[in-house]
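The structure under discussion appears below in the form of structure tokens.
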Amino acid sequence: MTLEKEEIKKLEEYAYQIRRLSVEMIAFSQWGHIGGAFSIAEIMAALYFREMKLDPRQPKMESRDRLILSKAHASPALYACLELAGFLPKNSIYKYCELGGLEGHTHVGSAPGIEASGGPLGMGLSVAVGMALGMRMKENPRSRVYCIMGDGEINEGNIWEAAMSAAHYHLDNVIAIVDYNKAMAKGFVWDQMNIEPVADKWAAFGWNVIEIDGHDMEQVVNALHEARWIKANGKPTAIIAHTVKGKGIETAEFNYKWHTHAPDAETADKFLRELSRTYGRPEQGYSKLNLKNTKDTFYGGE
Amino acid sequence: MTLEKEEIKKLEEYAYQIRRLSVEMIAFSQWGHIGGAFSIAEIMAALYFREMKLDPRQPKMESRDRLILSKAHASPALYACLELAGFLPKNSIYKYCELGGLEGHTHVGSAPGIEASGGPLGMGLSVAVGMALGMRMKENPRSRVYCIMGDGEINEGNIWEAAMSAAHYHLDNVIAIVDYNKAMAKGFVWDQMNIEPVADKWAAFGWNVIEIDGHDMEQVVNALHEARWIKANGKPTAIIAHTVKGKGIETAEFNYKWHTHAPDAETADKFLRELSRTYGRPEQGYSKLNLKNTKDTFYGGE
Amino acid sequence: MAANSVEKDMRDAFGATLVELGHKHKNLIFLDADLHTSTKASYFKKAFPDRFIQVGIAEQNLFGISAGLASEGFIPMPSTFAVFASRRALDQIAISICFPKLNVIIPGSYVGIPTSRAGGSHNSIEDIAIMRAMPNMKVADPLCNNDLSAIMRTALETGGPVYFRITRYDVPEFFSDSHSFEWGKGITMREGSDITLFGTGVMTWKAMQTAEALEKKGISAEVIHLASIKPIDRELILKSVSKTGCAVTVENASTSGGFGDAVLEVISENHPVRVSKIGVVDSFIESGGIEELFSHYKMQPEHILAAATRMIQLTT
Amino acid sequence: MAANSVEKDMRDAFGATLVELGHKHKNLIFLDADLHTSTKASYFKKAFPDRFIQVGIAEQNLFGISAGLASEGFIPMPSTFAVFASRRALDQIAISICFPKLNVIIPGSYVGIPTSRAGGSHNSIEDIAIMRAMPNMKVADPLCNNDLSAIMRTALETGGPVYFRITRYDVPEFFSDSHSFEWGKGITMREGSDITLFGTGVMTWKAMQTAEALEKKGISAEVIHLASIKPIDRELILKSVSKTGCAVTVENASTSGGFGDAVLEVISENHPVRVSKIGVVDSFIESGGIEELFSHYKMQPEHILAAATRMIQLTT
Ligand SMILES: Cc1ncc(C[n+]2csc(CCOP(=O)(O)OP(=O)(O)O)c2C)c(N)n1
Ligand SMILES: Cc1ncc(C[n+]2csc(CCOP(=O)(O)OP(=O)(O)O)c2C)c(N)n1
Ligand SMILES: [Mg+2]
Ligand SMILES: [Mg+2]
């Protein structure tokens, strides 16, 4: 499938906005995970603004596609999408990590359009399997459940229990996406706990496997299309997306020190200006640069 | 490696005794799992009476090999070995499931020679990995840790966490044995939760894989030899042992209804006589046939 | 209230009630982790094969899948032994189920002492403490078959997350078929004035036997059955101890954080009286015969009686 | 005992003490599940790279491996956030570690309210209840850095299984460098006659602040710090309430089955007085600022003061 240039440009603009809003909310709340939000920006853009069937006015619509962000610490990317797609009113993102606002990790109770509560890694794929089984029972053949996992996250045995069961139940309505950004919280994947040969693992657990460059929008869109329409062969599909942790800001790229780290206002401003330059947009800094920070810098640093 | 006929005969005699003692203790305690004890009888005989370095007078000897029976409900096979090998005084097996005696599932506190407490499936391989790492740190290169798992047991995610880490740490001193007896507690593996392609799974998790007929003593002995001496290549080795649940008693074979079921005295007697005939031994029945049973038949039936 | 002499395995009542509820609630789905003929969920499987899901030996997945089903509008009942429900997938229960307050009903099978010969790894004693500590979770422990059925019916009506216990122990039937259960409501099984015996689960039976023995000694014991452990019947507890002035709690579980502590909390803040807790004291239950274990862990009527007598003596 | 004004992150004290203990105990092995720079175990990694094992994001394996190492004669310290230590691998902790009573020392990092913006999935509140319910487990919650270091030293001397908490909260230093810790021994931080405030962990600081505020109102509060939750100092608890006649317990955790219940158990059986428990009441802690959350969940000195005043009024 060849995509029109225009469509790709539109989606890349969304990826840019997802990154911007992520920095805005993490800097404002002084808490959050930039690296893992950035590595899925293209994937989230492609899902929310092209692939997934969604209606912000009917967030529970039966025929919708479902997304479980199993690596729930990347919640800023999700909240950004929900705001950009109209599930949340403008500026909701500044309620990130506020009491009564958007939970630090995704939580069903925080906002419409969030399908599962998370935080502990490794649990989302099981929830996705449950939804997929439920959709089957409701005779809803069209909807798909997407589940985004981290590469470190798939150390968790719960993932493999879920993977085995998805294959056993022929759930080709489940599409797993592994954000293979090569880094975990405290080091590189190959060093801390090697997951290779990762494609073989999913294949041996009974899945179709597609490997892509997760920052190449055309590859992302095509893989999602293939997973939904071509690989509907009774096997669930896993997309192994090769990505870069922190992609888009030079100091954060491939740098696990930016796994969890809230930039101060000045740094946030610098990051956002860098982002605009990278994307060839008019330079635009941090919107709250001049607001006095009243919050504890919590996870800050590491 | 070709084995002498005599050696094979000796080991087969042990397998026979393991089965006999298992029936004796399960019938006497009115609790236990015949099917999964029988399917590993040859493997246990080969380990305890040939392959493993052990000394019943020094059950904690540093240079010993360690065995973790992760499928800890098959404890009768282990207790039989411990008694036959002299770790336990004669007739200890009649303390099976007695207060202060041998726990229903393997427990460190029950007897010398038991390396780990168990019962919940899926946990033993992690303990084996810990021991193997410990042996490395103590610069004990000779000892091996064996871990016997059920085929249903490898549904558990904990197994795959452990498997990934054993490969990551190059623990070729860990030898995993999957008792692929095709049945779980309540049905067949392929039907309840398919584990195929099981060899591919272990290979994709970074293990050497050897597939054998787990009731062919020569194959069992050779696989253990190969795992220890030939495959010491920095990868842990998994032996996939194709077996028959309940092997040795016709009504129990390949029959998950005998997964957990305590035979009454008459049935135990029948079973033991059948066993002697199958093994071409003088017919010998249940030793406690005429003792009045005073125990609740607990799991009996199913 | 007199005990009916017919004793029947609680698991059969579980299976039968499941089928009844399956007819009533078309969106009830049963999920099994390779134990359905032990738990007797096999009755449900036979009646509703399409609403029975086998997940194999994978309890984390069991509860995760249940969360997914619940968010699709089904009422999943993920089932395994109580030790695994409480210890093997607790993060999943807490965050995938309790945090979003999903309608998941969790039966915990084979609880406490009567799990008997299976031994320390299988005899569930911390499940009350653990489940009670889960925010949003409701917890119940039935005395007998009709109590269990009533709890199951109410659980389906009022919605989850709910955890209830099933004991493999032959208890006489104390209630009629039309017995009903309400969250936060206890039942006065027997009135008395000298001490209150608060029981939950099958231990209320042992409390009843104790009350009879106490009566022979001229001591009048009130027996209150609190199947609903969370929420708990604060009013009934306080009314009773205001009258009797001391109490013993009895549970088929560890005394750390469980039922006894739930009762203590109410009493201590509002009407402090002397209370002794009967249950397993910080110990694994090793293999053994059922009554032998009850004796070994000092949970028989004679032990309850001794505790009651001590409480009364120290109080007056 | 006056609080030293220097406030330092408890995690740094943890890291520094780890290194000290690493020198002393050559068989101490640290196991990490991808969090060592957060927990500050990185200090140990740097000092003893060969005794630091990274297991990745796999907590079941973390505790299972620790069991294996312990049975080989090492003293493993498997480390993760407290929510995962208590909820993600509980079956492994119970059966692989506690049942055989292995020498495993478990630090639970990031407990309770001060985990703050991470939210409901990360703010550990049930860990005291859960760990206390594990047979053979000892449980401690330090007030300040020197308390933590003392607990760690004692844990290594007396052996596991041990669980202790680490709070990411700036608490003044109450003890000297030579402070020592003994299992089952509490500390009278301040004598008083009208009420006892029993505190554990960082909440003892809030109890101290409450006592000062009460003093201004002419109420004399005794403050007892019980870092050792299990075993607990029965004698000291009873001696104090015999004198004061009522009490409040304060903990940075859920009131279900935790520290408060451990105190209640002792009091109720032996010397019943009125007790109110301060802590999180059956609720997940959502994201928010630290003090904002302490206020929202009614765990500030003002709330302790209100509870204390109420207990005193109802008692006299
Ligand atoms: C069960 C569990 N263990 C540990 C953590 C703490 N934690 C949060 S993010 C993270 C690293 C995740 O790495 P990865 O899956 O690779 O995600 P990404 O690189 O996309 O951020 C860890 C260890 C957690 N949230 N859940
Ligand atoms: C975690 C856990 N879940 C459930 C059980 C109950 N259980 C005991 S044995 C068994 C079936 C085991 O099947 P398999 O692993 O194939 O063993 P085998 O066939 O060798 O008996 C089950 C489900 C358990 N012991 N542990
Ligand atoms: Mg990553
Ligand atoms: Mg099997």
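Ligands are numbered from 1 in the order shown, chains are lettered A, B, ... in the order of the structure tokens, and residues start at 1 in each chain.
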
Next on the checklist: Which residues are near ligand 4 in this structure, taking near to mean any atom at most 8 Å from a ligand atom and counting only C-alpha atoms and all ligand atoms? Format them as a VMD selection string.
Outcome noted: chain B and resid 36 150 to 153 179 to 185 189 245

Item to check | 9 Å contacts from chain A to chain C using only C-alpha atoms, as a ChimeraX atom specification | outcome: /A:62,107-109,115-120,123-135,137-138,157-159,161-162,165

Next on the checklist: Using only C-alpha atoms, can you tell me which of B:Glu226, B:Glu156, B:Glu274, B:Asp296 comes closest to chain A?
Outcome noted: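 For chain A, the nearest of the candidates is B:Glu156.
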
Next on the checklist: So that I can see what lies close to C:Ala13, please list as an MDAnalysis selection string the residues with an atom at most 8 Å from it, counting only C-alpha atoms and leaving out residues fewer than 6 positions away in the same chain.
Outcome noted: chainID C and resid 145:146 148:149

If you take only C-alpha atoms and all ligand atoms and a cut-off of 9 Å, which residues of chain D touch ligand 1, and what are their nearest atom pairs and distances in Å to one decimal, in chain and number order, as CSV?
```
residue,atom,partner,partner_atom_place_in_ligand_line,distance
D:Ala33,CA,ligand 1,23 (C),6.6
D:Asp34,CA,ligand 1,23 (C),4.8
D:Leu35,CA,ligand 1,23 (C),5.7
D:Gly56,CA,ligand 1,23 (C),7.5
D:Ile57,CA,ligand 1,3 (N),5.4
D:Ala58,CA,ligand 1,1 (C),7.0
D:Glu59,CA,ligand 1,1 (C),6.8
D:Thr80,CA,ligand 1,4 (C),7.1
D:Phe81,CA,ligand 1,4 (C),7.1
D:Val83,CA,ligand 1,1 (C),8.7
D:Phe84,CA,ligand 1,1 (C),6.1
D:Arg88,CA,ligand 1,1 (C),6.9
D:Ser121,CA,ligand 1,25 (N),8.4
D:His122,CA,ligand 1,25 (N),7.7
```

Next on the checklist: Taking only C-alpha atoms into account, find every residue of chain B that has an atom no more than 8 Å from chain A, and write it out as a ChimeraX atom specification.
Outcome noted: /B:155-161,164-165,168,193-198,200-201,204-206

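Minimum atom-to-atom distances from C:Met203, C:Ala118, C:Val111, C:Ile232 to B:Trp31 were compared using only C-alpha atoms, and the lowest value belongs to C:Ala118.
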
Checklist entry - Counting only C-alpha atoms, which residues of chain C come no farther than 6 Å from chain D, as number ranges by chain? => result C: 87-88, 90-91, 126, 130, 133, 135, 256-257, 261, 268-269, 272-276, 282-283

Item to check | Residues near B:Lys288, cut-off 8 Å, only C-alpha atoms, skip fewer than 5 positions along chain, as a list of chain:residue names | outcome: B:Glu24, B:Phe28, B:Ala265

Item to check | Which of stretch 165-294 of chain D fall in alpha helix (DSSP H), as JSON, numbers by chain | outcome: {"D": [203, 204, 205, 206, 207, 208, 209, 210, 211, 212, 213, 214, 215, 216, 234, 235, 236, 237, 238, 239, 240, 241, 242, 243, 244, 259, 260, 261, 262, 263, 264, 265, 266, 267, 268, 269, 270, 290, 291, 292, 293, 294]}

Could you write out that same residue set with N, CA and C atoms as a short mmCIF file (atom, residue, chain, number, x, y, z; two decimals), in the first residue's frame?
```cif
data_model
loop_
_atom_site.label_atom_id
_atom_site.label_comp_id
_atom_site.auth_asym_id
_atom_site.auth_seq_id
_atom_site.Cartn_x
_atom_site.Cartn_y
_atom_site.Cartn_z
N MET D 203 5.56 7.96 59.77
CA MET D 203 4.41 8.54 60.44
C MET D 203 4.69 8.85 61.91
N THR D 204 5.71 8.25 62.47
CA THR D 204 6.06 8.60 63.84
C THR D 204 6.44 10.08 63.92
N TRP D 205 7.00 10.60 62.82
CA TRP D 205 7.29 12.03 62.78
C TRP D 205 5.99 12.85 62.89
N LYS D 206 4.99 12.41 62.13
CA LYS D 206 3.71 13.14 62.21
C LYS D 206 3.09 12.98 63.61
N ALA D 207 3.32 11.83 64.20
CA ALA D 207 2.82 11.63 65.57
C ALA D 207 3.52 12.59 66.53
N MET D 208 4.82 12.76 66.33
CA MET D 208 5.59 13.70 67.18
C MET D 208 5.05 15.12 67.02
N GLN D 209 4.79 15.51 65.79
CA GLN D 209 4.24 16.85 65.57
C GLN D 209 2.88 16.99 66.25
N THR D 210 2.11 15.91 66.18
CA THR D 210 0.79 15.92 66.83
C THR D 210 0.93 16.09 68.33
N ALA D 211 1.89 15.38 68.91
CA ALA D 211 2.09 15.46 70.36
C ALA D 211 2.43 16.89 70.78
N GLU D 212 3.24 17.54 69.95
CA GLU D 212 3.55 18.94 70.28
C GLU D 212 2.30 19.81 70.23
N ALA D 213 1.50 19.60 69.22
CA ALA D 213 0.26 20.38 69.11
C ALA D 213 -0.69 20.07 70.27
N LEU D 214 -0.72 18.81 70.66
CA LEU D 214 -1.59 18.43 71.78
C LEU D 214 -1.11 19.09 73.07
N GLU D 215 0.21 19.14 73.21
CA GLU D 215 0.77 19.74 74.41
C GLU D 215 0.28 21.18 74.59
N LYS D 216 0.24 21.88 73.46
CA LYS D 216 -0.23 23.27 73.50
C LYS D 216 -1.67 23.36 73.98
N ARG D 234 5.04 -6.11 72.59
CA ARG D 234 3.80 -6.27 73.35
C ARG D 234 3.88 -5.57 74.70
N GLU D 235 5.00 -5.77 75.37
CA GLU D 235 5.15 -5.20 76.72
C GLU D 235 5.04 -3.69 76.74
N LEU D 236 5.78 -3.08 75.81
CA LEU D 236 5.79 -1.62 75.77
C LEU D 236 4.40 -1.06 75.44
N ILE D 237 3.73 -1.73 74.52
CA ILE D 237 2.37 -1.31 74.13
C ILE D 237 1.46 -1.36 75.34
N LEU D 238 1.54 -2.48 76.06
CA LEU D 238 0.61 -2.66 77.19
C LEU D 238 0.95 -1.72 78.34
N LYS D 239 2.23 -1.55 78.57
CA LYS D 239 2.64 -0.64 79.65
C LYS D 239 2.10 0.76 79.37
N SER D 240 2.21 1.16 78.14
CA SER D 240 1.81 2.52 77.80
C SER D 240 0.29 2.71 77.91
N VAL D 241 -0.47 1.81 77.32
CA VAL D 241 -1.93 2.02 77.39
C VAL D 241 -2.48 1.80 78.80
N SER D 242 -1.77 1.02 79.60
CA SER D 242 -2.20 0.88 81.00
C SER D 242 -2.14 2.24 81.69
N LYS D 243 -1.17 3.02 81.24
CA LYS D 243 -1.00 4.33 81.83
C LYS D 243 -1.95 5.36 81.21
N THR D 244 -2.01 5.39 79.89
CA THR D 244 -2.75 6.46 79.22
C THR D 244 -4.23 6.17 79.03
N PHE D 259 -0.27 -2.22 60.42
CA PHE D 259 0.34 -1.90 61.71
C PHE D 259 -0.71 -1.69 62.80
N GLY D 260 -1.72 -0.92 62.47
CA GLY D 260 -2.77 -0.64 63.46
C GLY D 260 -3.37 -1.92 64.00
N ASP D 261 -3.62 -2.85 63.12
CA ASP D 261 -4.22 -4.12 63.55
C ASP D 261 -3.24 -4.92 64.41
N ALA D 262 -1.96 -4.79 64.11
CA ALA D 262 -0.97 -5.49 64.93
C ALA D 262 -0.99 -4.96 66.36
N VAL D 263 -1.18 -3.66 66.50
CA VAL D 263 -1.27 -3.06 67.84
C VAL D 263 -2.59 -3.44 68.52
N LEU D 264 -3.67 -3.38 67.75
CA LEU D 264 -4.98 -3.72 68.30
C LEU D 264 -5.00 -5.11 68.90
N GLU D 265 -4.37 -6.03 68.18
CA GLU D 265 -4.36 -7.42 68.61
C GLU D 265 -3.80 -7.55 70.04
N VAL D 266 -2.73 -6.84 70.27
CA VAL D 266 -2.09 -6.91 71.58
C VAL D 266 -2.99 -6.28 72.66
N ILE D 267 -3.51 -5.14 72.33
CA ILE D 267 -4.32 -4.40 73.29
C ILE D 267 -5.62 -5.13 73.60
N SER D 268 -6.30 -5.59 72.56
CA SER D 268 -7.64 -6.14 72.75
C SER D 268 -7.64 -7.38 73.62
N GLU D 269 -6.63 -8.19 73.46
CA GLU D 269 -6.64 -9.42 74.24
C GLU D 269 -6.22 -9.17 75.69
N ASN D 270 -5.38 -8.13 75.88
CA ASN D 270 -4.76 -8.00 77.20
C ASN D 270 -5.19 -6.82 78.04
N ILE D 290 2.63 15.41 47.57
CA ILE D 290 2.79 14.60 48.78
C ILE D 290 1.92 15.11 49.94
N GLU D 291 2.10 16.35 50.31
CA GLU D 291 1.34 16.83 51.46
C GLU D 291 -0.14 16.95 51.14
N GLU D 292 -0.42 17.27 49.88
CA GLU D 292 -1.80 17.31 49.41
C GLU D 292 -2.48 15.95 49.63
N LEU D 293 -1.73 14.89 49.31
CA LEU D 293 -2.29 13.55 49.49
C LEU D 293 -2.44 13.20 50.97
N PHE D 294 -1.42 13.53 51.76
CA PHE D 294 -1.54 13.27 53.20
C PHE D 294 -2.79 13.96 53.75
#
```

Residues of stretch 136-271 of chain B classed as strand (DSSP E or B) by DSSP on the backbone are to be reported as an mmCIF file with C-alpha atoms, in the first residue's frame.
```cif
data_model
loop_
_atom_site.group_PDB
_atom_site.id
_atom_site.type_symbol
_atom_site.label_atom_id
_atom_site.label_comp_id
_atom_site.auth_asym_id
_atom_site.auth_seq_id
_atom_site.Cartn_x
_atom_site.Cartn_y
_atom_site.Cartn_z
ATOM 1 C CA VAL B 145 20.995 -28.164 38.783
ATOM 2 C CA TYR B 146 18.209 -30.242 37.297
ATOM 3 C CA CYS B 147 14.707 -28.918 37.186
ATOM 4 C CA ILE B 148 11.754 -31.120 36.291
ATOM 5 C CA MET B 149 8.648 -29.366 35.037
ATOM 6 C CA GLY B 150 5.260 -30.513 33.830
ATOM 7 C CA VAL B 174 21.089 -25.712 34.460
ATOM 8 C CA ILE B 175 19.347 -28.659 32.862
ATOM 9 C CA ALA B 176 15.602 -28.381 32.493
ATOM 10 C CA ILE B 177 13.477 -31.430 31.876
ATOM 11 C CA VAL B 178 9.949 -30.981 30.574
ATOM 12 C CA ASP B 179 7.819 -34.019 31.352
ATOM 13 C CA TYR B 180 5.721 -33.859 28.201
ATOM 14 C CA ALA B 183 -1.983 -34.167 30.057
ATOM 15 C CA PHE B 188 -5.026 -32.742 27.462
ATOM 16 C CA ASN B 208 19.803 -26.153 23.663
ATOM 17 C CA VAL B 209 16.969 -28.581 23.099
ATOM 18 C CA ILE B 210 17.062 -32.373 23.183
ATOM 19 C CA GLU B 211 13.908 -34.380 22.487
ATOM 20 C CA ILE B 212 13.613 -37.926 23.771
ATOM 21 C CA ASP B 213 11.268 -40.752 24.658
ATOM 22 C CA THR B 237 19.812 -27.317 28.018
ATOM 23 C CA ALA B 238 16.176 -28.335 27.959
ATOM 24 C CA ILE B 239 15.285 -31.983 27.595
ATOM 25 C CA ILE B 240 11.789 -32.412 26.208
ATOM 26 C CA ALA B 241 10.858 -35.864 27.431
ATOM 27 C CA HIS B 242 7.908 -37.371 25.635
#
```

Next on the checklist: I want to know what sits within 12 Å of C:Cys144, based on only C-alpha atoms, with residues of the same chain fewer than 3 positions away left out; could you give that as a PyMOL selection string?
Outcome noted: chain C and resi 3-14+141+147-151+165-177+179+200-205+225+227

Could you save the residues just selected, with C-alpha atoms, as an mmCIF file, in the first residue's frame?
```cif
data_model
loop_
_atom_site.group_PDB
_atom_site.id
_atom_site.type_symbol
_atom_site.label_atom_id
_atom_site.label_comp_id
_atom_site.auth_asym_id
_atom_site.auth_seq_id
_atom_site.Cartn_x
_atom_site.Cartn_y
_atom_site.Cartn_z
ATOM 1 C CA ALA C 3 -28.301 -27.353 62.032
ATOM 2 C CA ASN C 4 -29.785 -29.693 59.473
ATOM 3 C CA SER C 5 -28.059 -33.026 59.697
ATOM 4 C CA VAL C 6 -27.559 -33.486 55.972
ATOM 5 C CA GLU C 7 -23.942 -32.704 55.168
ATOM 6 C CA LYS C 8 -22.923 -32.106 51.611
ATOM 7 C CA ASP C 9 -19.705 -31.001 50.019
ATOM 8 C CA MET C 10 -19.701 -27.233 49.566
ATOM 9 C CA ARG C 11 -18.167 -27.642 46.143
ATOM 10 C CA ASP C 12 -21.323 -29.314 44.882
ATOM 11 C CA ALA C 13 -23.406 -26.424 46.111
ATOM 12 C CA PHE C 14 -20.984 -24.166 44.283
ATOM 13 C CA ASP C 141 -16.811 -16.522 53.816
ATOM 14 C CA ASP C 147 -24.971 -19.544 52.787
ATOM 15 C CA LEU C 148 -22.597 -19.983 49.852
ATOM 16 C CA SER C 149 -25.435 -20.003 47.326
ATOM 17 C CA ALA C 150 -26.896 -16.862 48.851
ATOM 18 C CA ILE C 151 -23.524 -15.102 48.716
ATOM 19 C CA ARG C 165 -14.296 -18.534 49.958
ATOM 20 C CA ILE C 166 -15.258 -22.164 49.413
ATOM 21 C CA THR C 167 -14.220 -24.705 52.004
ATOM 22 C CA ARG C 168 -13.940 -28.396 51.360
ATOM 23 C CA TYR C 169 -15.414 -29.443 54.670
ATOM 24 C CA ASP C 170 -18.639 -31.181 55.590
ATOM 25 C CA VAL C 171 -20.663 -28.681 57.520
ATOM 26 C CA PRO C 172 -24.283 -29.207 58.559
ATOM 27 C CA GLU C 173 -26.789 -27.009 56.775
ATOM 28 C CA PHE C 174 -27.772 -24.109 59.005
ATOM 29 C CA PHE C 175 -29.994 -22.186 56.637
ATOM 30 C CA SER C 176 -33.001 -22.852 54.467
ATOM 31 C CA ASP C 177 -32.999 -22.828 50.678
ATOM 32 C CA HIS C 179 -31.720 -17.962 52.888
ATOM 33 C CA THR C 200 -17.019 -16.501 59.839
ATOM 34 C CA GLY C 201 -17.044 -19.329 57.328
ATOM 35 C CA VAL C 202 -17.201 -22.883 58.552
ATOM 36 C CA MET C 203 -15.811 -21.800 61.913
ATOM 37 C CA THR C 204 -19.195 -20.478 62.927
ATOM 38 C CA TRP C 205 -20.110 -24.134 63.226
ATOM 39 C CA HIS C 225 -22.082 -15.270 62.064
ATOM 40 C CA ALA C 227 -20.181 -14.182 56.398
#
```

Checklist entry - Of the candidates B:Ser75, B:Ser110, B:Asn222, B:Thr251, which one gets nearest to B:Ile8 if we count only C-alpha atoms? => result B:Asn222

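Distance check against ligand 2 using only C-alpha atoms and all ligand atoms: of B:Glu266, B:Glu253, B:Glu283, B:Glu13, the minimum falls on B:Glu253.
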
Item to check | Point-to-point distance from atom CA of A:Ala15 to atom CA of A:Ala41, Å rounded to tenths | outcome: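 The value is 4.9 Å.
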
Item to check | Distance query B:Lys5 at most 12 Å, only C-alpha atoms, self and fewer than 5 positions along chain excluded, as number ranges by chain | outcome: B: 10-12, 217-218

Atoms to include: N, CA and C atoms. Write the selected residues as an mmCIF file, in the first residue's frame.
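The result, stored in result02.cif:
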```cif
data_model
loop_
_atom_site.group_PDB
_atom_site.id
_atom_site.type_symbol
_atom_site.label_atom_id
_atom_site.label_comp_id
_atom_site.auth_asym_id
_atom_site.auth_seq_id
_atom_site.Cartn_x
_atom_site.Cartn_y
_atom_site.Cartn_z
ATOM 1 N N LYS B 10 19.274 -52.433 35.778
ATOM 2 C CA LYS B 10 19.320 -51.900 37.139
ATOM 3 C C LYS B 10 18.457 -50.647 37.245
ATOM 4 N N LEU B 11 18.624 -49.750 36.278
ATOM 5 C CA LEU B 11 17.871 -48.496 36.331
ATOM 6 C C LEU B 11 16.376 -48.737 36.155
ATOM 7 N N GLU B 12 16.050 -49.698 35.303
ATOM 8 C CA GLU B 12 14.633 -50.005 35.110
ATOM 9 C C GLU B 12 14.015 -50.595 36.371
ATOM 10 N N MET B 217 14.968 -45.906 28.680
ATOM 11 C CA MET B 217 16.038 -45.608 29.632
ATOM 12 C C MET B 217 17.337 -45.217 28.943
ATOM 13 N N GLU B 218 17.610 -45.851 27.831
ATOM 14 C CA GLU B 218 18.850 -45.520 27.144
ATOM 15 C C GLU B 218 18.840 -44.082 26.649
#
```

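With distances taken over only C-alpha atoms and all ligand atoms, A:Ile40 is the one residue among A:Val221, A:Ile40, A:Leu67, A:Leu291 lying closest to ligand 3.
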
Checklist entry - Smallest atom-to-atom distance to A:Asn173: which of A:Ala85, A:Lys247, A:Glu98, A:Arg66, using only C-alpha atoms? => result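 Using only C-alpha atoms, A:Asn173 sits closest to A:Arg66.
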